[in-house]
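Trainee: Below are the structure tokens for one structure; questions will follow.
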Amino acid sequence: MTKSKALISSSAARVALASLIAWPVTGILTSLVFEPLPPLDSEKYHFWTAIFGWAWKNLLAVPLYGGAFLGHIVFVVGLFLLAELTKSRHPGRKATLLVVATLSGGVLLKTASYVVFLPDTWGIALLLVDSLVAIFVIFLTAPLARKSLLLLEK
């Protein structure tokens, strides 16, 4: 097994990949639905100022609202536990319950943060799509992790 496959099959790398893919989803969806890029008229806006302002707000500030009550941290711990759980063929009941509880707790804390700072029902729904994307990426990379684990056992 090559080093790149071993790196991608590790739980920490899978969680980092899921987080890097899911993090911008929140801001991008929010900006597309509620506030698209401003018109880039050369007389009104400087092109780069408008682009960096949009990126700062939608790719950093909006997703950070979900971390006000440490929802992101709890959710990332849940993602790591899920990545470990998906490596085994027959996960235990207690481990599965722990993963579900941690992921649910993270999502609830993120939702509480969004309710306090951005009290808009549709906005909150869009902002929580990143959680689903992250979980989906963990499940997509699970076969690769199981395959590398089998190669290591042989």
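Naming works like this for the structure tokens: A, B, ... for the chains as they're shown, residue 1 at the start of each chain, ligands 1 onward in shown order.
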I'd like to know which residues of range 3-129 of chain A are helix (DSSP H, G or I) (by DSSP, run on the backbone); could you write them as a ChimeraX atom specification?
Mentor: /A:3-9,11-34,47-65,71-85,93-117,121-127,129
Trainee: Hey, can you spit out that residue selection with C-alpha atoms as a compact mmCIF listing (two decimals), in the first residue's frame?
Mentor:
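This is the output file result30.txt:
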```txt
# COMPACT_ATOMS: atom_id res chain seq x y z
CA LYS A 3 1.79 6.18 1.59
CA SER A 4 -0.95 8.31 0.00
CA LYS A 5 -3.52 5.50 0.34
CA ALA A 6 -2.43 4.87 3.92
CA LEU A 7 -2.74 8.56 4.71
CA ILE A 8 -6.20 8.88 3.18
CA SER A 9 -7.41 5.74 4.94
CA SER A 11 -9.35 8.35 10.46
CA ALA A 12 -7.75 11.74 11.09
CA ALA A 13 -7.17 12.32 7.38
CA ARG A 14 -10.72 11.27 6.55
CA VAL A 15 -12.11 13.69 9.13
CA ALA A 16 -9.87 16.49 7.84
CA LEU A 17 -10.98 15.79 4.27
CA ALA A 18 -14.65 15.74 5.29
CA SER A 19 -14.28 18.99 7.21
CA LEU A 20 -12.43 20.78 4.41
CA ILE A 21 -15.06 19.74 1.91
CA ALA A 22 -18.05 20.49 4.15
CA TRP A 23 -16.90 23.77 5.75
CA PRO A 24 -17.39 26.02 2.70
CA VAL A 25 -20.76 24.42 1.86
CA THR A 26 -22.46 26.41 4.61
CA GLY A 27 -21.34 29.81 3.39
CA ILE A 28 -21.70 29.04 -0.30
CA LEU A 29 -25.29 27.81 0.05
CA THR A 30 -26.20 30.73 2.28
CA SER A 31 -24.73 33.25 -0.10
CA LEU A 32 -26.36 31.68 -3.15
CA VAL A 33 -29.80 31.65 -1.55
CA PHE A 34 -29.77 34.85 0.48
CA PHE A 47 -13.05 43.47 -8.04
CA TRP A 48 -10.76 41.95 -5.41
CA THR A 49 -12.30 43.87 -2.52
CA ALA A 50 -15.73 42.50 -3.40
CA ILE A 51 -14.43 38.95 -3.82
CA PHE A 52 -12.44 38.96 -0.56
CA GLY A 53 -15.35 40.56 1.31
CA TRP A 54 -17.70 37.84 0.06
CA ALA A 55 -15.20 35.09 0.92
CA TRP A 56 -14.53 36.52 4.38
CA LYS A 57 -18.21 36.71 5.24
CA ASN A 58 -19.50 33.52 3.63
CA LEU A 59 -16.54 31.16 3.94
CA LEU A 60 -15.35 32.18 7.40
CA ALA A 61 -17.81 34.28 9.41
CA VAL A 62 -21.08 32.46 8.64
CA PRO A 63 -19.70 28.94 9.31
CA LEU A 64 -18.07 30.17 12.53
CA TYR A 65 -21.48 31.04 13.95
CA GLY A 71 -20.82 22.60 18.17
CA HIS A 72 -18.06 22.22 15.60
CA ILE A 73 -15.70 20.62 18.12
CA VAL A 74 -18.27 18.10 19.33
CA PHE A 75 -19.24 17.34 15.74
CA VAL A 76 -15.63 16.78 14.65
CA VAL A 77 -15.13 14.38 17.59
CA GLY A 78 -18.24 12.56 16.38
CA LEU A 79 -16.83 12.45 12.85
CA PHE A 80 -13.60 10.93 14.15
CA LEU A 81 -15.55 8.29 16.08
CA LEU A 82 -17.63 7.61 12.96
CA ALA A 83 -14.48 7.22 10.88
CA GLU A 84 -13.14 4.71 13.39
CA LEU A 85 -16.48 2.91 13.50
CA ARG A 93 -23.95 -1.31 19.84
CA LYS A 94 -22.34 0.93 22.46
CA ALA A 95 -19.88 2.36 19.93
CA THR A 96 -22.70 3.06 17.50
CA LEU A 97 -24.76 4.79 20.19
CA LEU A 98 -21.75 6.89 21.19
CA VAL A 99 -21.22 8.00 17.58
CA VAL A 100 -24.89 8.86 17.10
CA ALA A 101 -25.00 10.75 20.41
CA THR A 102 -21.83 12.73 19.65
CA LEU A 103 -22.89 13.65 16.12
CA SER A 104 -26.39 14.56 17.29
CA GLY A 105 -25.00 16.63 20.14
CA GLY A 106 -22.71 18.50 17.76
CA VAL A 107 -25.56 19.21 15.36
CA LEU A 108 -27.79 20.39 18.23
CA LEU A 109 -25.08 22.71 19.54
CA LYS A 110 -24.52 24.09 16.03
CA THR A 111 -28.26 24.59 15.64
CA ALA A 112 -28.43 26.40 18.97
CA SER A 113 -25.63 28.71 17.83
CA TYR A 114 -27.42 29.47 14.58
CA VAL A 115 -30.75 30.04 16.36
CA VAL A 116 -29.12 32.60 18.64
CA PHE A 117 -27.12 34.43 15.97
CA THR A 121 -35.52 28.82 9.76
CA TRP A 122 -34.47 28.33 6.13
CA GLY A 123 -31.04 29.75 6.85
CA ILE A 124 -30.52 27.30 9.71
CA ALA A 125 -31.51 24.40 7.46
CA LEU A 126 -28.98 25.51 4.85
CA LEU A 127 -26.31 26.02 7.46
CA VAL A 129 -26.21 20.90 5.29
```
Trainee: Smallest atom-to-atom distance to Ala142 in chain A: which of A:Gly66, A:Gly92, A:Asp120, A:Thr86, using only C-alpha atoms?
Mentor: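 Under the stated criterion, the closest residue is A:Thr86.
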Trainee: Distance CA of Pro143 in chain A-CA of Lys87 in chain A, one decimal place?
Mentor: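 Computed distance, CA of Pro143 in chain A to CA of Lys87 in chain A, equals 8.1 Å.
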